[in-house]
>>> print(open('input.txt').read())   # compact mmCIF, C-alpha atoms
# COMPACT_ATOMS: atom_id res chain seq x y z
CA MET A 1 -32.91 -11.51 -54.09
CA ASN A 2 -31.38 -10.14 -50.92
CA ASN A 3 -32.64 -6.67 -51.77
CA LEU A 4 -36.16 -7.90 -52.30
CA TYR A 5 -36.03 -9.82 -49.00
CA ASN A 6 -34.96 -6.72 -47.11
CA TYR A 7 -37.52 -4.64 -48.93
CA LEU A 8 -40.30 -7.00 -47.87
CA LEU A 9 -39.19 -6.56 -44.27
CA THR A 10 -39.20 -2.77 -44.63
CA ILE A 11 -42.89 -2.94 -45.45
CA ALA A 12 -43.96 -5.93 -43.37
CA ASP A 13 -42.22 -4.99 -40.11
CA ASN A 14 -44.34 -1.84 -39.92
CA SER A 15 -47.45 -3.98 -40.00
CA LEU A 16 -46.10 -6.51 -37.50
CA ILE A 17 -45.02 -3.98 -34.89
CA LEU A 18 -48.14 -1.86 -35.24
CA ALA A 19 -50.27 -5.02 -34.99
CA GLN A 20 -48.42 -5.92 -31.78
CA ARG A 21 -48.97 -2.42 -30.35
CA LEU A 22 -52.67 -2.54 -31.17
CA GLY A 23 -52.89 -6.08 -29.81
CA GLU A 24 -51.80 -4.74 -26.42
CA LEU A 25 -55.18 -3.01 -26.25
CA CYS A 26 -57.14 -6.23 -26.58
CA GLY A 27 -59.54 -6.14 -23.64
CA HIS A 28 -58.30 -2.66 -22.69
CA GLY A 29 -59.97 -0.45 -25.29
CA PRO A 30 -61.88 2.58 -24.01
CA SER A 31 -65.18 1.02 -25.10
CA LEU A 32 -66.25 -2.37 -26.38
CA GLU A 33 -66.68 -1.11 -29.96
CA THR A 34 -63.31 0.63 -30.16
CA ASP A 35 -61.66 -2.36 -28.52
CA ILE A 36 -63.07 -4.64 -31.21
CA ALA A 37 -62.22 -2.19 -33.98
CA ILE A 38 -58.62 -1.83 -32.85
CA THR A 39 -58.07 -5.56 -32.57
CA ASN A 40 -59.74 -6.05 -35.97
CA ILE A 41 -57.23 -3.62 -37.46
CA SER A 42 -54.44 -5.44 -35.64
CA LEU A 43 -55.61 -8.71 -37.17
CA ASP A 44 -55.71 -7.24 -40.69
CA LEU A 45 -52.15 -5.97 -40.28
CA LEU A 46 -50.99 -9.29 -38.92
CA GLY A 47 -52.59 -11.07 -41.86
CA GLN A 48 -50.77 -8.79 -44.28
CA THR A 49 -47.54 -9.38 -42.37
CA ARG A 50 -47.96 -13.12 -42.80
CA SER A 51 -48.35 -12.77 -46.56
CA TYR A 52 -45.13 -10.73 -46.83
CA TYR A 53 -43.19 -13.03 -44.49
CA GLN A 54 -44.38 -16.18 -46.27
CA TYR A 55 -43.11 -14.68 -49.49
CA ALA A 56 -39.84 -13.60 -47.85
CA ALA A 57 -39.37 -17.08 -46.33
CA LYS A 58 -39.77 -18.62 -49.80
CA LEU A 59 -37.02 -16.34 -51.11
CA VAL A 60 -34.62 -17.50 -48.40
CA GLY A 61 -35.46 -21.19 -48.72
CA GLU A 62 -33.48 -23.35 -46.24
CA ASN A 63 -36.77 -24.41 -44.60
CA LYS A 64 -37.23 -20.93 -43.16
CA THR A 65 -40.79 -20.08 -42.19
CA GLU A 66 -42.77 -16.92 -41.54
CA ASP A 67 -42.37 -17.59 -37.80
CA ASP A 68 -38.56 -17.50 -38.00
CA ILE A 69 -38.79 -14.05 -39.55
CA ALA A 70 -41.35 -12.78 -37.07
CA PHE A 71 -39.85 -14.17 -33.88
CA LEU A 72 -36.17 -14.91 -34.25
CA ARG A 73 -34.49 -11.70 -35.31
CA ILE A 74 -32.61 -9.28 -33.11
CA GLU A 75 -33.73 -5.69 -32.71
CA ARG A 76 -31.32 -4.26 -35.27
CA ASP A 77 -32.75 -6.54 -37.94
CA TYR A 78 -36.27 -5.11 -37.67
CA LYS A 79 -36.80 -2.44 -40.32
CA ASN A 80 -40.01 -0.81 -39.09
CA CYS A 81 -40.23 2.97 -38.84
CA LEU A 82 -40.12 4.63 -35.42
CA LEU A 83 -43.72 5.83 -35.63
CA VAL A 84 -45.32 2.39 -35.28
CA GLU A 85 -43.33 1.41 -32.19
CA GLN A 86 -44.44 4.44 -30.16
CA PRO A 87 -46.45 3.49 -27.07
CA ASN A 88 -50.22 3.60 -26.52
CA THR A 89 -49.76 6.52 -24.08
CA HIS A 90 -53.46 7.40 -24.20
CA PHE A 91 -56.25 6.91 -26.72
CA GLY A 92 -55.24 10.11 -28.54
CA PHE A 93 -51.84 8.54 -29.22
CA VAL A 94 -53.38 5.29 -30.43
CA ILE A 95 -55.56 7.18 -32.90
CA GLY A 96 -52.91 9.72 -33.88
CA ARG A 97 -50.32 7.03 -34.57
CA GLN A 98 -52.88 5.03 -36.53
CA TYR A 99 -54.03 7.94 -38.65
CA LEU A 100 -50.52 9.17 -39.44
CA PHE A 101 -49.62 5.64 -40.49
CA ASP A 102 -52.87 4.79 -42.33
CA VAL A 103 -52.62 7.72 -44.74
CA TYR A 104 -49.08 6.68 -45.63
CA HIS A 105 -50.02 2.99 -45.76
CA TYR A 106 -52.92 3.64 -48.12
CA MET A 107 -50.76 5.66 -50.51
CA LEU A 108 -48.09 2.96 -50.46
CA MET A 109 -50.61 0.18 -51.19
CA GLU A 110 -52.07 2.24 -54.01
CA LYS A 111 -48.69 2.31 -55.72
CA LEU A 112 -47.61 -1.17 -54.72
CA GLN A 113 -50.62 -2.85 -56.32
CA ASN A 114 -49.09 -1.91 -59.68
CA SER A 115 -45.70 -3.41 -58.89
CA PRO A 116 -44.43 -5.76 -61.60
CA ASP A 117 -43.68 -8.23 -58.80
CA GLU A 118 -46.86 -10.34 -58.86
CA ASN A 119 -46.70 -11.40 -55.22
CA LEU A 120 -46.25 -7.86 -53.94
CA ALA A 121 -49.01 -6.58 -56.18
CA ALA A 122 -51.38 -9.31 -54.96
CA ILE A 123 -50.70 -8.57 -51.29
CA ALA A 124 -51.23 -4.85 -51.90
CA LYS A 125 -54.46 -5.37 -53.87
CA LYS A 126 -55.81 -7.40 -50.98
CA GLY A 127 -54.41 -5.08 -48.33
CA ILE A 128 -55.66 -1.79 -49.75
CA LYS A 129 -59.28 -2.81 -49.25
CA GLU A 130 -58.57 -3.34 -45.57
CA VAL A 131 -56.43 -0.25 -45.16
CA SER A 132 -59.20 1.94 -46.57
CA TYR A 133 -61.35 0.83 -43.61
CA HIS A 134 -58.50 1.55 -41.18
CA LYS A 135 -58.03 5.04 -42.54
CA ARG A 136 -61.72 5.79 -42.35
CA PHE A 137 -61.81 4.63 -38.72
CA SER A 138 -58.75 6.55 -37.55
CA GLY A 139 -59.58 9.67 -39.55
CA ASP A 140 -63.09 9.76 -38.09
CA TRP A 141 -61.70 9.50 -34.58
CA VAL A 142 -59.14 12.27 -35.13
CA LYS A 143 -62.03 14.51 -36.15
CA ARG A 144 -64.23 13.40 -33.29
CA LEU A 145 -61.56 13.95 -30.66
CA GLY A 146 -60.10 17.10 -32.20
CA ASP A 147 -63.50 18.70 -32.66
CA GLY A 148 -64.86 17.24 -29.42
CA THR A 149 -64.44 18.59 -25.92
CA GLU A 150 -61.69 20.89 -24.69
CA GLU A 151 -60.03 17.90 -23.03
CA SER A 152 -60.22 15.59 -26.06
CA ASN A 153 -58.92 18.37 -28.29
CA LYS A 154 -55.97 18.95 -25.95
CA LYS A 155 -55.08 15.27 -25.86
CA MET A 156 -55.44 14.78 -29.61
CA GLN A 157 -53.24 17.82 -30.23
CA GLU A 158 -50.67 16.55 -27.75
CA ALA A 159 -50.47 13.23 -29.58
CA ILE A 160 -50.15 14.80 -33.02
CA ASP A 161 -47.47 17.20 -31.73
CA ASP A 162 -45.49 14.35 -30.18
CA LEU A 163 -45.82 11.94 -33.09
CA TRP A 164 -45.20 14.47 -35.84
CA ARG A 165 -41.43 14.12 -35.58
CA TYR A 166 -41.66 10.50 -36.73
CA THR A 167 -43.59 11.21 -39.93
CA ASP A 168 -40.68 12.34 -42.08
CA GLU A 169 -39.00 8.95 -41.74
CA LEU A 170 -41.86 7.34 -43.63
CA PHE A 171 -40.52 9.00 -46.78
CA TYR A 172 -36.83 8.42 -46.14
CA LEU A 173 -35.27 6.05 -48.69
CA THR A 174 -32.87 3.40 -47.43
CA ASP A 175 -30.20 1.90 -49.69
CA THR A 176 -32.36 -1.23 -50.00
CA GLU A 177 -35.29 0.82 -51.23
CA LYS A 178 -33.12 2.71 -53.72
CA GLU A 179 -31.96 -0.61 -55.14
CA VAL A 180 -35.44 -2.12 -55.53
CA ILE A 181 -36.70 1.12 -57.04
CA LYS A 182 -33.90 0.81 -59.62
CA GLU A 183 -35.01 -2.75 -60.30
CA GLY A 184 -38.50 -1.41 -60.98
CA ILE A 185 -40.13 -3.44 -58.21
CA GLY A 186 -40.05 -1.06 -55.26
CA ILE A 187 -41.97 2.14 -54.67
CA ASP A 188 -40.35 5.53 -54.28
CA VAL A 189 -42.16 6.59 -51.12
CA SER A 190 -40.68 10.08 -51.32
CA SER A 191 -42.85 10.62 -54.41
CA PHE A 192 -46.03 10.98 -52.36
CA LYS A 193 -44.62 12.90 -49.40
CA GLU A 194 -46.18 16.19 -50.45
CA GLU A 195 -49.54 14.58 -51.11
CA TYR A 196 -49.34 12.93 -47.67
CA TYR A 197 -48.76 16.16 -45.75
CA LYS A 198 -51.48 17.86 -47.74
CA GLU A 199 -54.08 15.21 -46.92
CA VAL A 200 -53.08 15.01 -43.25
CA SER A 201 -53.04 18.80 -42.83
CA GLU A 202 -56.49 19.12 -44.35
CA LEU A 203 -57.97 16.59 -41.97
CA LEU A 204 -56.22 18.09 -38.93
CA THR A 205 -57.58 21.50 -39.86
CA GLU A 206 -61.07 20.05 -40.26
CA ALA A 207 -60.63 18.51 -36.80
CA THR A 208 -59.87 22.01 -35.45
CA LEU A 209 -56.30 20.91 -34.65
CA THR A 210 -53.14 22.84 -35.34
CA VAL A 211 -50.78 21.39 -37.93
CA PRO A 212 -47.41 21.16 -36.15
CA GLU A 213 -44.74 23.42 -37.51
CA ASN A 214 -41.71 21.85 -35.91
CA LYS A 215 -39.06 21.00 -38.43
CA TYR A 216 -37.13 18.63 -36.22
CA PHE A 217 -37.60 15.09 -37.41
CA THR A 218 -36.05 11.90 -36.17
CA LYS A 219 -35.37 8.67 -38.00
CA GLY A 220 -33.47 5.41 -37.67
CA GLY A 221 -36.01 2.59 -37.48
CA LYS A 222 -35.81 1.78 -41.17
CA GLU A 223 -32.06 1.25 -40.68
CA GLY A 224 -32.63 -0.87 -37.57
CA VAL A 225 -31.85 1.84 -35.03
CA HIS A 226 -34.91 1.96 -32.83
CA THR A 227 -36.27 3.96 -29.90
CA GLU A 228 -36.09 2.59 -26.36
CA HIS A 229 -39.60 1.13 -26.73
CA MET A 230 -38.61 -1.50 -29.28
CA GLY A 231 -36.82 -3.82 -26.86
CA TYR A 232 -39.91 -4.10 -24.68
CA ILE A 233 -42.13 -4.85 -27.65
CA LEU A 234 -39.81 -7.63 -28.79
CA ALA A 235 -39.49 -9.03 -25.28
CA GLU A 236 -43.23 -9.63 -25.27
CA LEU A 237 -43.53 -10.59 -28.93
CA GLN A 238 -40.70 -13.10 -28.88
CA TYR A 239 -41.13 -14.51 -25.40
CA MET A 240 -42.63 -17.88 -26.33
CA GLN A 241 -40.19 -18.67 -29.12
CA ARG A 242 -37.21 -17.61 -27.03
CA THR A 243 -38.33 -19.56 -23.99
CA TYR A 244 -39.57 -22.67 -25.76
CA PRO A 245 -37.62 -22.77 -29.04
CA ASN A 246 -39.49 -24.31 -31.98
CA MET A 247 -42.73 -24.59 -30.06
CA ASN A 248 -45.87 -24.98 -32.14
CA TRP A 249 -49.53 -24.35 -31.49
CA MET B 250 -65.91 -10.04 -61.24
CA THR B 251 -66.72 -11.95 -64.37
CA GLU B 252 -64.29 -14.85 -64.20
CA SER B 253 -65.92 -17.87 -62.64
CA PRO B 254 -63.80 -20.32 -60.71
CA ASN B 255 -62.66 -23.53 -62.34
CA ILE B 256 -64.39 -26.17 -60.24
CA ASP B 257 -64.69 -29.82 -61.21
CA LYS B 258 -68.38 -30.79 -61.06
CA ASP B 259 -67.60 -34.14 -59.42
CA LEU B 260 -66.01 -32.37 -56.46
CA ILE B 261 -68.95 -30.09 -55.70
CA PRO B 262 -70.82 -32.50 -53.37
CA VAL B 263 -67.80 -32.70 -51.07
CA LEU B 264 -67.03 -28.97 -51.27
CA LYS B 265 -70.63 -28.25 -50.29
CA THR B 266 -70.11 -30.01 -46.96
CA VAL B 267 -67.40 -27.58 -45.86
CA SER B 268 -68.63 -24.35 -44.35
CA ASP B 269 -67.21 -21.13 -43.01
CA PRO B 270 -66.70 -21.76 -39.26
CA GLU B 271 -67.83 -18.19 -38.48
CA ILE B 272 -70.99 -18.44 -40.61
CA PRO B 273 -71.85 -22.14 -40.50
CA VAL B 274 -74.83 -21.80 -42.85
CA LEU B 275 -72.54 -20.68 -45.67
CA SER B 276 -70.60 -23.32 -47.58
CA VAL B 277 -67.20 -22.35 -48.89
CA LEU B 278 -68.69 -22.56 -52.37
CA ALA B 279 -71.46 -20.08 -51.58
CA LEU B 280 -68.91 -17.80 -49.94
CA GLY B 281 -66.90 -17.76 -53.16
CA VAL B 282 -63.53 -18.50 -51.58
CA ILE B 283 -62.83 -21.59 -53.70
CA ARG B 284 -61.12 -20.32 -56.84
CA GLU B 285 -60.17 -23.67 -58.29
CA ALA B 286 -60.80 -27.32 -57.50
CA ILE B 287 -59.55 -29.92 -59.92
CA GLU B 288 -58.41 -33.49 -59.71
CA VAL B 289 -54.92 -34.17 -61.04
CA ASN B 290 -53.56 -37.72 -60.96
CA GLY B 291 -55.86 -38.68 -58.11
CA VAL B 292 -55.02 -35.61 -56.02
CA VAL B 293 -57.57 -32.85 -55.48
CA LYS B 294 -55.91 -29.47 -55.93
CA ILE B 295 -57.75 -26.56 -54.38
CA LYS B 296 -57.03 -22.86 -54.62
CA LEU B 297 -58.46 -20.95 -51.69
CA THR B 298 -58.60 -17.17 -51.37
CA PRO B 299 -59.00 -15.36 -48.03
CA THR B 300 -61.85 -12.93 -47.39
CA TYR B 301 -59.55 -10.74 -45.28
CA SER B 302 -55.75 -11.10 -44.99
CA GLY B 303 -55.86 -11.92 -41.32
CA CYS B 304 -58.96 -14.10 -41.41
CA PRO B 305 -58.25 -16.89 -38.91
CA ALA B 306 -60.98 -19.01 -40.52
CA MET B 307 -58.70 -19.72 -43.50
CA ASP B 308 -56.52 -22.19 -41.61
CA VAL B 309 -59.62 -23.96 -40.32
CA ILE B 310 -61.25 -24.05 -43.76
CA SER B 311 -58.06 -25.42 -45.26
CA ASP B 312 -57.93 -28.23 -42.67
CA ASP B 313 -61.66 -28.92 -43.06
CA LEU B 314 -61.29 -29.25 -46.83
CA LYS B 315 -58.48 -31.78 -46.49
CA LYS B 316 -60.49 -33.70 -43.92
CA ALA B 317 -63.65 -33.72 -46.05
CA PHE B 318 -61.79 -35.24 -49.00
CA GLU B 319 -59.94 -37.65 -46.78
CA ASP B 320 -63.32 -38.95 -45.60
CA VAL B 321 -64.20 -39.92 -49.17
CA GLY B 322 -60.77 -41.47 -49.67
CA LYS B 323 -59.15 -38.62 -51.55
CA LYS B 324 -56.03 -36.62 -50.90
CA ALA B 325 -56.44 -32.86 -51.19
CA GLU B 326 -53.84 -30.12 -51.42
CA VAL B 327 -54.85 -26.57 -50.56
CA GLU B 328 -53.02 -23.54 -51.84
CA LEU B 329 -53.76 -20.02 -50.62
CA VAL B 330 -54.00 -17.48 -53.45
CA LEU B 331 -54.32 -13.73 -52.95
CA SER B 332 -54.96 -12.57 -56.48
CA PRO B 333 -57.51 -11.68 -57.67
CA ALA B 334 -58.63 -10.42 -54.29
CA TRP B 335 -61.91 -11.77 -52.94
CA SER B 336 -64.98 -9.59 -53.27
CA THR B 337 -68.41 -9.75 -51.61
CA ASP B 338 -69.76 -9.99 -55.19
CA TRP B 339 -68.54 -13.58 -55.18
CA ILE B 340 -71.03 -14.65 -52.51
CA SER B 341 -73.84 -16.48 -54.32
CA GLU B 342 -77.45 -15.27 -54.16
CA GLU B 343 -78.34 -18.46 -52.30
CA GLY B 344 -75.50 -17.70 -49.88
CA LEU B 345 -76.76 -14.18 -49.31
CA GLN B 346 -80.24 -15.46 -48.52
CA LYS B 347 -78.93 -18.03 -46.07
CA MET B 348 -76.81 -15.36 -44.45
CA GLU B 349 -79.87 -13.12 -43.96
CA GLU B 350 -81.86 -15.99 -42.49
CA TYR B 351 -78.95 -16.60 -40.14
CA GLY B 352 -79.21 -13.01 -38.91
CA ILE B 353 -76.48 -11.22 -40.86
CA ALA B 354 -77.52 -8.35 -43.11
CA ARG B 355 -76.26 -8.66 -46.67
CA PRO B 356 -73.66 -6.30 -48.16
CA LEU B 357 -75.04 -3.30 -50.05
CA SER B 358 -73.49 -1.83 -53.18
CA GLU B 359 -70.17 -0.04 -52.76
CA THR B 360 -71.58 3.52 -52.77
CA HIS B 361 -74.41 2.64 -50.43
CA ASP B 362 -71.96 0.80 -48.19
CA LYS B 363 -69.87 3.94 -47.79
CA ASP B 364 -72.98 5.98 -47.00
CA VAL B 365 -74.17 3.66 -44.26
CA LEU B 366 -70.72 3.15 -42.72
CA LEU B 367 -70.27 6.89 -42.51
CA GLY B 368 -73.68 7.05 -40.88
CA ASN B 369 -75.11 9.21 -43.65
CA LYS B 370 -78.01 7.01 -44.69
CA LYS B 371 -80.26 4.39 -43.22
CA MET B 372 -80.30 1.55 -45.71
CA VAL B 373 -79.22 -1.59 -43.92
CA LYS B 374 -82.20 -3.86 -43.40
CA CYS B 375 -82.60 -5.46 -40.00
CA PRO B 376 -82.49 -9.24 -40.54
CA GLN B 377 -84.94 -9.71 -37.65
CA CYS B 378 -87.82 -7.38 -38.50
CA GLY B 379 -86.92 -6.05 -41.96
CA SER B 380 -86.91 -2.39 -40.94
CA THR B 381 -84.31 -0.06 -42.44
CA ASN B 382 -84.57 2.21 -39.41
CA THR B 383 -81.17 0.99 -38.21
CA HIS B 384 -77.96 2.64 -37.11
CA LEU B 385 -74.28 1.84 -37.19
CA VAL B 386 -72.77 0.96 -33.81
CA SER B 387 -69.25 0.14 -35.00
CA GLN B 388 -67.53 -0.21 -38.35
CA PHE B 389 -65.85 -3.31 -37.02
CA GLY B 390 -67.94 -6.18 -35.73
CA SER B 391 -67.42 -9.66 -34.32
CA THR B 392 -65.14 -10.55 -37.24
CA ALA B 393 -63.11 -8.50 -39.73
CA CYS B 394 -65.76 -8.90 -42.43
CA LYS B 395 -68.66 -7.53 -40.41
CA ALA B 396 -69.86 -4.22 -38.97
CA LEU B 397 -72.11 -3.89 -35.95
CA PHE B 398 -75.60 -2.41 -36.33
CA LYS B 399 -78.65 -1.91 -34.18
CA CYS B 400 -82.28 -1.81 -35.25
CA ASP B 401 -84.17 1.23 -33.93
CA ASP B 402 -87.55 -0.48 -34.37
CA CYS B 403 -87.11 -3.92 -32.83
CA HIS B 404 -83.99 -2.82 -30.90
CA GLU B 405 -82.05 -5.95 -31.80
CA PRO B 406 -78.32 -5.59 -32.47
CA PHE B 407 -77.09 -7.42 -35.59
CA ASP B 408 -74.12 -7.93 -37.87
CA TYR B 409 -73.84 -6.37 -41.31
CA PHE B 410 -71.55 -8.05 -43.84
CA LYS B 411 -69.35 -5.21 -45.12
CA CYS B 412 -69.07 -4.67 -48.85
CA LEU B 413 -65.59 -5.51 -50.09
CA LYS B 414 -64.69 -4.79 -53.70
>>> encode(input="input.txt", output="structure tokens")
Amino acid sequence: MNNLYNYLLTIADNSLILAQRLGELCGHGPSLETDIAITNISLDLLGQTRSYYQYAAKLVGENKTEDDIAFLRIERDYKNCLLVEQPNTHFGFVIGRQYLFDVYHYMLMEKLQNSPDENLAAIAKKGIKEVSYHKRFSGDWVKRLGDGTEESNKKMQEAIDDLWRYTDELFYLTDTEKEVIKEGIGIDVSSFKEEYYKEVSELLTEATLTVPENKYFTKGGKEGVHTEHMGYILAELQYMQRTYPNMNW
Amino acid sequence: MTESPNIDKDLIPVLKTVSDPEIPVLSVLALGVIREAIEVNGVVKIKLTPTYSGCPAMDVISDDLKKAFEDVGKKAEVELVLSPAWSTDWISEEGLQKMEEYGIARPLSETHDKDVLLGNKKMVKCPQCGSTNTHLVSQFGSTACKALFKCDDCHEPFDYFKCLK
């Protein structure tokens, strides 16, 4: 049970933290349409997060709710990968981070919808329909910016180069994941690593961008060791519950 | 989707009074989000499925359902179910017509949907003037389930209900 709980967090925390990052852009998007699109994606991710957390809360019992899981953990207990916590430096970063995550997310949902765990399969079956829209949106923008002006190409390339080092962690297997894979419930994410890099490289090439060649990758988020950005995200995310414990809407 | 929801006929009049807060002309029945509604030992048990995972209307619909049954002296319990996942195919023909009259273009088939959202084809009919000379403004509209379009003949912007299967 504990393994499954931790596994749910491994998947759901990515969606929560990315939703929070995207939510920061509400009212700040570069145009009205992209602003709405980005917050729509944020809302989808948050909805998926709720489904996972509600399930996780049921596993724990003791009157725990989805809100306890979202708001009352310390940094080390969040299992999201480093990629999703990276800042919205400029629009190229927002799109680059989204695309690099969406391709992975789609492949994960594809596999997860066949999980023998009915709840997980149901969340994935629902989620994949939404994620396919996310991937289409972010992929289109990578192409538009990469194959756009000299300036947009430079910025898109800069984002991809900077974010590339966080992609390998997506396929790193934690002990929790190894256990749930053994139990037949979890997905071996390393199994679609090759397919991931192939798809991403093809799109980057189409977008007239250079596929980064650096072999230095960094990881830690999935084990709870985050980059310096995480504390600031949580400060904002958890503010209300920390300041006014047990407050309700 | 072939399976039709298990809905007790006696409960339909009350269910019909509850609508989607974002598209008030559509009842929850026409929208296809009620997957089961039966009366067990005097308690109405409802299974509700979300259109999109993060749809904020679900909490409102759930409260509205309880309230509607309370008004006729019945207690209702609402359970959120995710599987099978909701599809735009579950919106009734009557619902689709009401939606169009309300100013939201109806979802096309899956292949056509992809074509129009990628901007390849002009197929979405303007709910104001009926022209298909329309273009996509944004894949994401005022709510998660809609995309934003503009008519190139009457120049009115409008929502298109995205196909979800």
>>> interface_residues(input="input.txt", of="chain B", to="chain A", cutoff="10 Å", atoms="all atoms listed in the file", output="MDAnalysis selection string")
chainID B and resid 299:305 329:336 363 366:367 386:394 396:397 412:414
>>> atom_distance(input="input.txt", atom1="CA of Tyr52 (chain A)", atom2="CA of Leu8 (chain A)")
6.2 Å
>>> residues_around(input="input.txt", residues="region 282-288 of chain B", least_positions_apart="5", cutoff="9 Å", atoms="all atoms listed in the file", output="mmCIF file with C-alpha atoms, keeping the file's coordinate frame")
data_model
loop_
_atom_site.group_PDB
_atom_site.id
_atom_site.type_symbol
_atom_site.label_atom_id
_atom_site.label_comp_id
_atom_site.auth_asym_id
_atom_site.auth_seq_id
_atom_site.Cartn_x
_atom_site.Cartn_y
_atom_site.Cartn_z
ATOM 1 C CA SER B 253 -65.920 -17.870 -62.640
ATOM 2 C CA PRO B 254 -63.800 -20.320 -60.710
ATOM 3 C CA ASN B 255 -62.660 -23.530 -62.340
ATOM 4 C CA ILE B 256 -64.390 -26.170 -60.240
ATOM 5 C CA ASP B 257 -64.690 -29.820 -61.210
ATOM 6 C CA LYS B 258 -68.380 -30.790 -61.060
ATOM 7 C CA LEU B 260 -66.010 -32.370 -56.460
ATOM 8 C CA ILE B 261 -68.950 -30.090 -55.700
ATOM 9 C CA LEU B 264 -67.030 -28.970 -51.270
ATOM 10 C CA VAL B 277 -67.200 -22.350 -48.890
ATOM 11 C CA VAL B 293 -57.570 -32.850 -55.480
ATOM 12 C CA LYS B 294 -55.910 -29.470 -55.930
ATOM 13 C CA ILE B 295 -57.750 -26.560 -54.380
ATOM 14 C CA LYS B 296 -57.030 -22.860 -54.620
ATOM 15 C CA LEU B 297 -58.460 -20.950 -51.690
ATOM 16 C CA THR B 298 -58.600 -17.170 -51.370
ATOM 17 C CA PRO B 299 -59.000 -15.360 -48.030
ATOM 18 C CA THR B 300 -61.850 -12.930 -47.390
ATOM 19 C CA ALA B 325 -56.440 -32.860 -51.190
ATOM 20 C CA VAL B 330 -54.000 -17.480 -53.450
ATOM 21 C CA TRP B 335 -61.910 -11.770 -52.940
ATOM 22 C CA TRP B 339 -68.540 -13.580 -55.180
ATOM 23 C CA ILE B 340 -71.030 -14.650 -52.510
#
>>> residues_near_point(input="input.txt", point="(-51.4, -3.5, -29.6)", cutoff="10 Å", atoms="all atoms listed in the file", output="list in words")
Leu16, Ile17, Leu18, Ala19, Gln20, Arg21, Leu22, Gly23, Glu24, Leu25, Cys26, His28, Ile38, Thr39, Ile41, Ser42, Glu85, Pro87, Asn88, Val94 and Ile233 of chain A
>>> closest_residue(input="input.txt", among="B:Thr381, B:Ala306, B:Asn290, B:Lys316", to="Thr266 (chain B)", atoms="only C-alpha atoms")
B:Lys316
>>> residues_around(input="input.txt", residues="Glu66 (chain A)", least_positions_apart="5", cutoff="6 Å", atoms="all atoms listed in the file", output="JSON, numbers by chain")
{"A": [53, 54, 57]}
>>> write_last_selection(input="input.txt", atoms="C-alpha atoms", output="CSV table (one decimal), keeping the file's coordinate frame")
chain,number,residue,atom,x,y,z
A,53,TYR,CA,-43.2,-13.0,-44.5
A,54,GLN,CA,-44.4,-16.2,-46.3
A,57,ALA,CA,-39.4,-17.1,-46.3
>>> atom_distance(input="input.txt", atom1="CA of Thr210 (chain A)", atom2="CA of Ser190 (chain A)")
23.9 Å
>>> residues_around(input="input.txt", residues="His229 (chain A)", least_positions_apart="2", cutoff="10 Å", atoms="only C-alpha atoms", output="ChimeraX atom specification")
/A:82,85-87,226-227,231-234
>>> residues_near_point(input="input.txt", point="(-78.0, 5.0, -37.8)", cutoff="7 Å", atoms="only C-alpha atoms", output="number ranges by chain")
B: 368, 371, 383-385
>>> closest_residue(input="input.txt", among="B:Asp338, B:Glu350, B:Asp312, B:Asp401", to="Lys324 (chain B)", atoms="all atoms listed in the file")
B:Asp312
>>> atom_distance(input="input.txt", atom1="CA of Glu169 (chain A)", atom2="CA of Val84 (chain A)")
11.2 Å
>>> closest_residue(input="input.txt", among="A:Lys222, A:Lys58, A:Lys178, A:Lys143", to="Glu202 (chain A)", atoms="only C-alpha atoms")
A:Lys143
>>> residues_around(input="input.txt", residues="region 372-376 of chain B", least_positions_apart="6", cutoff="12 Å", atoms="all atoms listed in the file", output="count of residues only")
42
